Each structure stands twice: as C-alpha cells, then as structure tokens.
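Peer 1: Provided herewith is a single structure, encoded as structure tokens, for subsequent inquiry.
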Amino acid sequence: MRCWRWFSDARVDPAPSDLWSHVHRSIALTCGLAATVTTVGSAAGGATPPDIAVGVEAWIEARAWIDALRVPERDADSLALPGVAAAGVVLRLDGNVVARGQEQAFDALAERANGVLRAAVGRALADFATHASASWPEELRAALGPRLTLELDLAGAPIPLAGSTYPAMAAQIELGAEAIALRRGERWWVALPGRLLAANLAGDASRTLRSLAQEADLPPLEPRELAGLDSVAFYRVPTLRLVQPAPGATPVEAIRGEPAVPLAAIDAGTVGMLADALLTHLEASRFDEASEASGAAPDQGTTPNPGWSKALGLRGDYDPLADRHRPMVAGPLEQSLAILALVRLANVDRDLRPRALALAGSLLDALAEVDAVEEPIESAPEALAVVAMAAALDPEAVQGPAARALADRARTTVLEFIADPRRPEAVSESFATAAAGRQAIVAAAAAAIAASESGPDAAAMLTRARSLVQSAWTASEGSSRVGLLPWLAIANQLAGGGIPPEEARAFRASLLARQIAAETEQGDPIPLDLLGGFDLTAAARPEADARSIVPATGLAIFLADPDITVLDGSEHSRRDLRAAATAARRSVRFLRQLTYLPPTPAMDQAAMRAAGGVRAAPWDLRMRILDQVMAIWLLAESMGAGVP
C-alpha cells in the first residue's frame, strides 16, 4: 500500500518521562477540537458517533499499547468504552499502511464493548509482526512502536438503511465518514471508514455494500430480494475518527481523512500559498531532461522513443496509492488548458510569473512536437483555440519557433471559425456535447485575440465574439451552463459583453444557492470539510468534489467583472458584493481542503509526487490532471478578483 500522509500544525515529541504531560496536552487539544468538529458528520435522527472524551481515552490507551508493541492482559481496571460498538485501527510507518485490525460488538454490545479496542489493537499488532516487521532483527523491531502512527475509528450504534437497491442505500451514507454494516441473522460484518479510506474505496458505498454481502455468503441479489433471507439488514454507523499526523503528534479528529480547514484560516496569504504549491506540483508532473538522462521510462512497461521527455509535457492522472500515472501522458486538451491557466496566473502574480511562464512555454513546446506515445493536438482541435487564447493573453509564453508555428496555426483556426462557425472541423464537439461549448471557447479565444490587437479587424472580431458569447449563453442551460461557466464568463469579460448582466446575476444567485453552507434547509448539520463546494449531485446527502472548481472559477471571473458585480454604492450592490466575495472565499477554503500538503519532509516518493496536488474528492485520493489545471485557473481568477 502506497503512502498517504495526514497533516496538522500541532506536533509534540514527548520524552518518555513526560508521557503524562503529553497525555494531558492530547486531551486538551482533542477536546478543544471537539467543540467545533464533532457535530459535523453525524447521522440524522439524533444518532451520533461515540463521545469525543471516550475517543481520547481510547486513543491514549491504544497508543501506549502500540508503543510497547503489546496488548497487556485484561484486568479489573480495563477501559470502559460506552457507546462504542466497533473499533478499527490503521498503523502507518513513514506514511505507509503497515497493519490493520478491527473488532465489532454489534451482536452483544453490553457484554463485549470493553473488549473491541483491545481486540482491534491486538489484531493490528499481530498483522504488523507477521507481515511488515517479520524480517526485522528483534532489537530493531522492538524500537518501531513509537515510530508507528495511529488512526483509530470508533463506531456507535447502527442505523438501518432503507431502500430496495444498493444505490438507494448508498445514497444515504456519508462517504468516508460512516461505517457500513450488514447483519445476517445474529452475525455482523462491518467496513470501517479508516480501512476504506486507506484503500481509496470510500467513494463507492454501493460497492462496499455488495462486498459485505459477498463476505456474508449471500447470493448476488438486490437488498429487496435479500430481506427475507436470514433477516438480512444493512446499516450505516456514525463513527468517530482520530488520526495522528506524525509520530509523537497529538491526535486530531478527522472528517474522512483529514481535519476540516476552518473558513477563518483562509486569509490573504492562502491563495498565494496554494498557487505556489500547485505550481510546484505541476512542475513535478512534467516529463523532464532529468528523467530522460536517468533512462526512466514514462511508465511501467513503456519504452519511449529517444528524446521522449522533450515532447510529452505533462503526465496524466496520478494515483498516490499505486504511485502511477494513468494515462501516462496528459491529453492535448489538458495540456493546452494547463498553458492557459499558467498564463492567467502569470498575469496576476508577479512573484510566480517567471515560473508560470517558463512552465507554460515548455508545455507549448511539447505540444508542438508530437511523440509516438502521445496524441497530436489535432485529435482535440478545441485545444488549438485554447492555445490561441493563451498566446494572445501573454505572448511571452510563446518561446521557440515550433511554439510560434503552433500558436499561429491555432490563431488561424480561431479566425476561420469566426469567419464560418458552421465548419465542424474547425473546433470539434469533444469539448462539449452541445454547440454552445464550441462557441464559448472560440468566443473566449477570439476576444483574447481582438483585445491584443487594434484596428477595424479587431473591433469586428470583438463584435463577433460578443455575438458568440450571447449565442452560447442562450443555447446552454442547467448543468451544461455550469460546466461552461468559466469559458462563458471569461469570454464575456474579454469581449466586454455578450451575457445580459441581469441574467448573469440571476444565474450566479441560483448557483450560489447550491454552494454548501453551514446547514441544510432542514437545519441538519453539514460536514465542515464540504463547506464551499457545490452540490452538483442528486444524492440524499450533500456531496461536493473537485468538479466544484469549475463553477467556482466562473464565479470568480464574474466577481471581477464590473458589469456583473456592480459597485454603485447602493445597499443592494454592497449586499451582492458581500455574497459573491464570501462565496469565492468559501471556494478557496474547499480547494484548500482538497489540496494535499504534507506535514513533514520525511516521506516516500509517492507522497512527494502527491504534494501540492488536488484530490478528486475528500474521500478520493486520486489526482486528476484536469483538476490540477482548473485549480490553478481558479486561484488565478481569485487573485484577480481580490479574494479573499
């Protein structure tokens, strides 16, 4: 299992003689966190995870056993764990998962609750001794205990899931925050969040339900067909998660994998810090001369052509658990979008400008040279329009003759589309299924070209760009408009119009109503790690993932557009500005939640490659290259709008 590290600003390294002061600090810190965190991931209907005070005591007890690599014999003073029906332990060494253990007492809560922690830790230590440390000399193995980090799950009382199908039941589960259980007769099977998150399986609750059914030896039928068989029933279980960021660190309560980032922590420096981290991550995702000189192939089992690193640009989506990129090379659209996002960043951040332009230039050079293992830019002609837009916004990104030739060809493509937008070969439909997608991206490129030139041709091009913006806005609606929002917004901004301002403000208001805030309309609490994301699904519980970056980018552009965010001194305009600015700040908070920032420099290669990257969701460790690129674009537009 590859590395996934947790982060925290709180860290202590206690000496053995200072154990009890360390314990008191742990209690103070964790109970302080409890005041703000324990209510956020709980189940409806009054059901809650085990109490935080119980969890702290359990964590301290388990930590002592793990330090000693031994669970002592049970005695009369054994720890009581009221309200705990199951316990799960995940142990990591240098960030890698090295052992797991769990125990449940759903079938005899009163008689066995006090033993679930002991059994779970005992199983984890046995797993560690059998597999991870079996080959270590005894004297080294004995010293490993304090180096292990502990993640502890404590599950409460199970809550029945209603529904006749697995997807219907899965929609009721808080992904990665609740345990999932199955009862068949008097026997129980349970999947705790820690194990699901460590294996990156928490995002598919339906799959977990089916897996539990398979473990219980049930036939492959839907729940409605299983209900009469041995009294089969499925449950979700509110769970308290305590994780240790590093050896010697105090535990923190986590929603899913990490503590929730408070909105109050998002200040003027957060946007710049995230931009720097993401830029570093993107730089590390590029094929480079060093990789070629070392003889390393782009991916396992691939033999590149000589000089491959100069032509490939960015690697594809990254899986930290497998420490592998799939696909090996990012597609031409992702590469061109990266160039555009970097140019936008260079336009607003003087400090990051040299690095952003250098990376954009190298990616443009790579797009101009096609290797046998990658797709040519002609396979995604819409990428040519993105390249034309980036080159017009900042000519310094075009550095070499090959890049100049590509930029000229891209500009010609846009001009041809402007002259005759009915030509389908000019810009393909793969950018968006509707014609509005083609119009939006070409309108943005045309507006950028016109804004960089002067004379009657430029004026005519701006007029045509505005017409395309208005046509694309009118042709799109609902989710398709949400997906096109960054292009529609930036085309409108660069062209100086096209979207009726009152319609833009109404659409913004409707979209802000879908941004996850403090609670639902029914007054139910919302998990704090989702705040600022956009609920774009039809799930029974609010969900938000990296797809929220797309509408957030468009809204940041709207915020900086004076025709849409009017500053006329009226109370209405001030209220509108406050709402839009607060929403933009929440979006940065959610992006910060998704961004992996390691706590220490001591990490394995997978963690180094993941550093600064944006996860697909709070419960999904994968890092899609498109999410990284869109995140940089969001941060650039946030800077331009003065967020926060």
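A note on labels: chains of the structure tokens are A, B, ... as shown, every chain counts residues from 1, and ligands are counted from 1 in their shown order.
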With only C-alpha atoms as the counted atoms, please give the residues lying no more than 7 Å from segment 552-568 of chain A, apart from itself and same-chain residues fewer than 2 positions off, as an MDAnalysis selection string.
Peer 2: chainID A and resid 485:486 489:490 493 501 504:505 548:550 570 573 577 580 584 587 633:634 637:638 640:641
Peer 1: Just the helix (DSSP H, G or I) stuff from segment 299-514 of chain A, please, per backbone DSSP, written as a ChimeraX atom specification.
Peer 2: /A:308-312,332-348,353-368,377-379,382-393,395-397,401-419,435-451,456-475,478-495,501-512
Peer 1: Quick one: residues within 8 Å of Arg592 of chain A, only C-alpha atoms, excluding same-chain residues fewer than 4 positions away - as a list in words?
Peer 2: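 Counting only the stated atoms, we get Val261, Leu274 and Val588 of chain A.
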Peer 1: For the residues selected in the previous step, produce a file with N, CA, C and O atoms as a compact mmCIF listing (two decimals), in the first residue's frame.
Peer 2:
```txt
# COMPACT_ATOMS: atom_id res chain seq x y z
N VAL A 261 -10.67 22.23 7.36
CA VAL A 261 -10.00 23.52 7.33
C VAL A 261 -11.03 24.60 7.64
O VAL A 261 -12.02 24.74 6.90
N LEU A 274 -1.42 28.41 -1.95
CA LEU A 274 -1.96 27.30 -2.74
C LEU A 274 -1.45 27.36 -4.18
O LEU A 274 -1.15 26.33 -4.79
N VAL A 588 -12.25 28.91 -2.10
CA VAL A 588 -10.83 28.74 -1.79
C VAL A 588 -10.66 27.80 -0.60
O VAL A 588 -9.75 26.97 -0.57
```
Peer 1: I'd like the contact shell of Leu468 of chain A - 7 Å cut-off, only C-alpha atoms, skipping same-chain residues fewer than 4 positions apart - returned as a compact mmCIF listing (two decimals) with N, CA, C and O atoms, in the first residue's frame.
Peer 2:
```txt
# COMPACT_ATOMS: atom_id res chain seq x y z
N GLN A 439 -18.80 27.29 -29.20
CA GLN A 439 -18.93 28.73 -29.32
C GLN A 439 -18.29 29.46 -28.14
O GLN A 439 -17.64 30.50 -28.31
N ALA A 440 -18.45 28.91 -26.94
CA ALA A 440 -17.92 29.57 -25.75
C ALA A 440 -16.41 29.63 -25.78
O ALA A 440 -15.81 30.68 -25.52
N ALA A 443 -15.25 31.90 -28.64
CA ALA A 443 -15.54 33.29 -28.31
C ALA A 443 -14.49 33.84 -27.37
O ALA A 443 -14.02 34.98 -27.53
N ARG A 464 -18.07 40.06 -33.15
CA ARG A 464 -18.40 38.66 -33.43
C ARG A 464 -18.27 37.81 -32.16
O ARG A 464 -19.10 36.92 -31.92
N ALA A 472 -23.95 31.28 -27.17
CA ALA A 472 -23.60 30.14 -26.31
C ALA A 472 -24.36 30.21 -24.99
O ALA A 472 -24.81 29.18 -24.47
```
Peer 1: Can you list, as an MDAnalysis selection string, every protein, DNA or RNA residue that comes within 9 Å of Ile632 of chain A when you count only C-alpha atoms, leaving out same-chain residues fewer than 4 positions away?
Peer 2: chainID A and resid 274:275 278:279 338 341:342 344:345 627:628 636:637
Peer 1: Dump all heavy atoms for the selected residues as a compact mmCIF listing (two decimals), in the first residue's frame?
Peer 2:
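Once everything was written out, this is out08.txt:
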```txt
# COMPACT_ATOMS: atom_id res chain seq x y z
N LEU A 274 -1.42 28.41 -1.95
CA LEU A 274 -1.96 27.30 -2.74
C LEU A 274 -1.45 27.36 -4.18
O LEU A 274 -1.15 26.33 -4.79
CB LEU A 274 -3.48 27.33 -2.71
CG LEU A 274 -4.15 26.95 -1.39
CD1 LEU A 274 -5.65 27.14 -1.48
CD2 LEU A 274 -3.82 25.51 -1.01
N ALA A 275 -1.37 28.57 -4.75
CA ALA A 275 -0.88 28.71 -6.12
C ALA A 275 0.56 28.23 -6.22
O ALA A 275 0.94 27.53 -7.17
CB ALA A 275 -1.00 30.16 -6.57
N LEU A 278 0.52 24.35 -5.93
CA LEU A 278 0.00 23.71 -7.14
C LEU A 278 0.96 23.87 -8.31
O LEU A 278 1.12 22.95 -9.13
CB LEU A 278 -1.36 24.29 -7.49
CG LEU A 278 -2.56 23.56 -6.87
CD1 LEU A 278 -3.79 24.44 -6.88
CD2 LEU A 278 -2.83 22.27 -7.62
N LEU A 279 1.59 25.02 -8.40
CA LEU A 279 2.58 25.22 -9.46
C LEU A 279 3.74 24.25 -9.29
O LEU A 279 4.21 23.64 -10.26
CB LEU A 279 3.07 26.67 -9.45
CG LEU A 279 4.14 27.06 -10.48
CD1 LEU A 279 3.69 26.72 -11.90
CD2 LEU A 279 4.47 28.54 -10.35
N ALA A 338 -3.64 23.68 -19.29
CA ALA A 338 -2.57 24.00 -18.34
C ALA A 338 -1.83 25.26 -18.77
O ALA A 338 -1.50 26.13 -17.95
CB ALA A 338 -1.60 22.83 -18.23
N ALA A 341 -4.09 28.24 -17.96
CA ALA A 341 -4.14 28.51 -16.52
C ALA A 341 -2.85 29.15 -16.03
O ALA A 341 -2.87 30.07 -15.21
CB ALA A 341 -4.42 27.21 -15.76
N LEU A 342 -1.72 28.67 -16.54
CA LEU A 342 -0.43 29.23 -16.14
C LEU A 342 -0.27 30.66 -16.63
O LEU A 342 0.29 31.52 -15.93
CB LEU A 342 0.70 28.35 -16.68
CG LEU A 342 0.82 26.97 -16.01
CD1 LEU A 342 1.68 26.04 -16.86
CD2 LEU A 342 1.40 27.10 -14.60
N ARG A 344 -2.79 32.76 -17.10
CA ARG A 344 -3.64 33.58 -16.24
C ARG A 344 -2.96 33.83 -14.89
O ARG A 344 -3.06 34.94 -14.33
CB ARG A 344 -4.99 32.90 -16.02
CG ARG A 344 -5.85 32.77 -17.25
CD ARG A 344 -6.24 34.12 -17.83
NE ARG A 344 -7.29 34.79 -17.07
CZ ARG A 344 -7.71 36.02 -17.32
NH1 ARG A 344 -7.16 36.74 -18.28
NH2 ARG A 344 -8.67 36.57 -16.58
N LEU A 345 -2.27 32.83 -14.37
CA LEU A 345 -1.54 33.01 -13.11
C LEU A 345 -0.41 34.01 -13.28
O LEU A 345 -0.21 34.89 -12.44
CB LEU A 345 -1.00 31.66 -12.62
CG LEU A 345 -0.20 31.68 -11.31
CD1 LEU A 345 -1.06 32.16 -10.16
CD2 LEU A 345 0.38 30.30 -11.02
N ASP A 627 -8.13 18.46 -12.80
CA ASP A 627 -8.42 19.16 -11.55
C ASP A 627 -7.25 20.05 -11.14
O ASP A 627 -7.46 21.15 -10.61
CB ASP A 627 -8.72 18.15 -10.44
CG ASP A 627 -10.00 17.37 -10.68
OD1 ASP A 627 -10.87 17.88 -11.42
OD2 ASP A 627 -10.13 16.26 -10.16
N GLN A 628 -6.02 19.59 -11.37
CA GLN A 628 -4.85 20.41 -11.02
C GLN A 628 -4.84 21.69 -11.86
O GLN A 628 -4.58 22.79 -11.36
CB GLN A 628 -3.55 19.64 -11.24
CG GLN A 628 -3.54 18.18 -10.82
CD GLN A 628 -4.02 17.96 -9.40
OE1 GLN A 628 -3.53 18.57 -8.46
NE2 GLN A 628 -5.00 17.08 -9.23
N ALA A 636 -5.88 31.79 -9.99
CA ALA A 636 -5.51 32.99 -10.75
C ALA A 636 -6.68 33.97 -10.79
O ALA A 636 -6.50 35.18 -10.57
CB ALA A 636 -5.08 32.60 -12.16
N GLU A 637 -7.89 33.47 -11.07
CA GLU A 637 -9.04 34.36 -11.14
C GLU A 637 -9.40 34.90 -9.76
O GLU A 637 -9.89 36.03 -9.64
CB GLU A 637 -10.24 33.63 -11.76
CG GLU A 637 -10.00 33.10 -13.17
CD GLU A 637 -9.58 34.19 -14.17
OE1 GLU A 637 -9.83 35.39 -13.90
OE2 GLU A 637 -9.01 33.83 -15.22
```
Peer 1: Find the residues near Ala216 of chain A: any atom within 10 Å, counting only C-alpha atoms, skip ones fewer than 4 places away on the same chain, and give them as a list in words.
Peer 2: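 The filter keeps Leu182, Arg183, Arg184, Arg187, Trp188, Trp189, Arg210, Ser211, Leu212 and Val232 of chain A.
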Peer 1: When distances are computed from only C-alpha atoms, which of A:Gly455, A:Pro220, A:Gly203, A:Pro259 shows the smallest separation from Arg622 of chain A?
Peer 2: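 Using only C-alpha atoms, the shortest distance to Arg622 of chain A belongs to A:Gly203.
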Peer 1: Atom CA of Leu626 of chain A and atom CA of Ala372 of chain A, how far apart in Å?
Peer 2: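 Interatomic distance, atom CA of Ala372 of chain A to atom CA of Leu626 of chain A: 22.4 Å.
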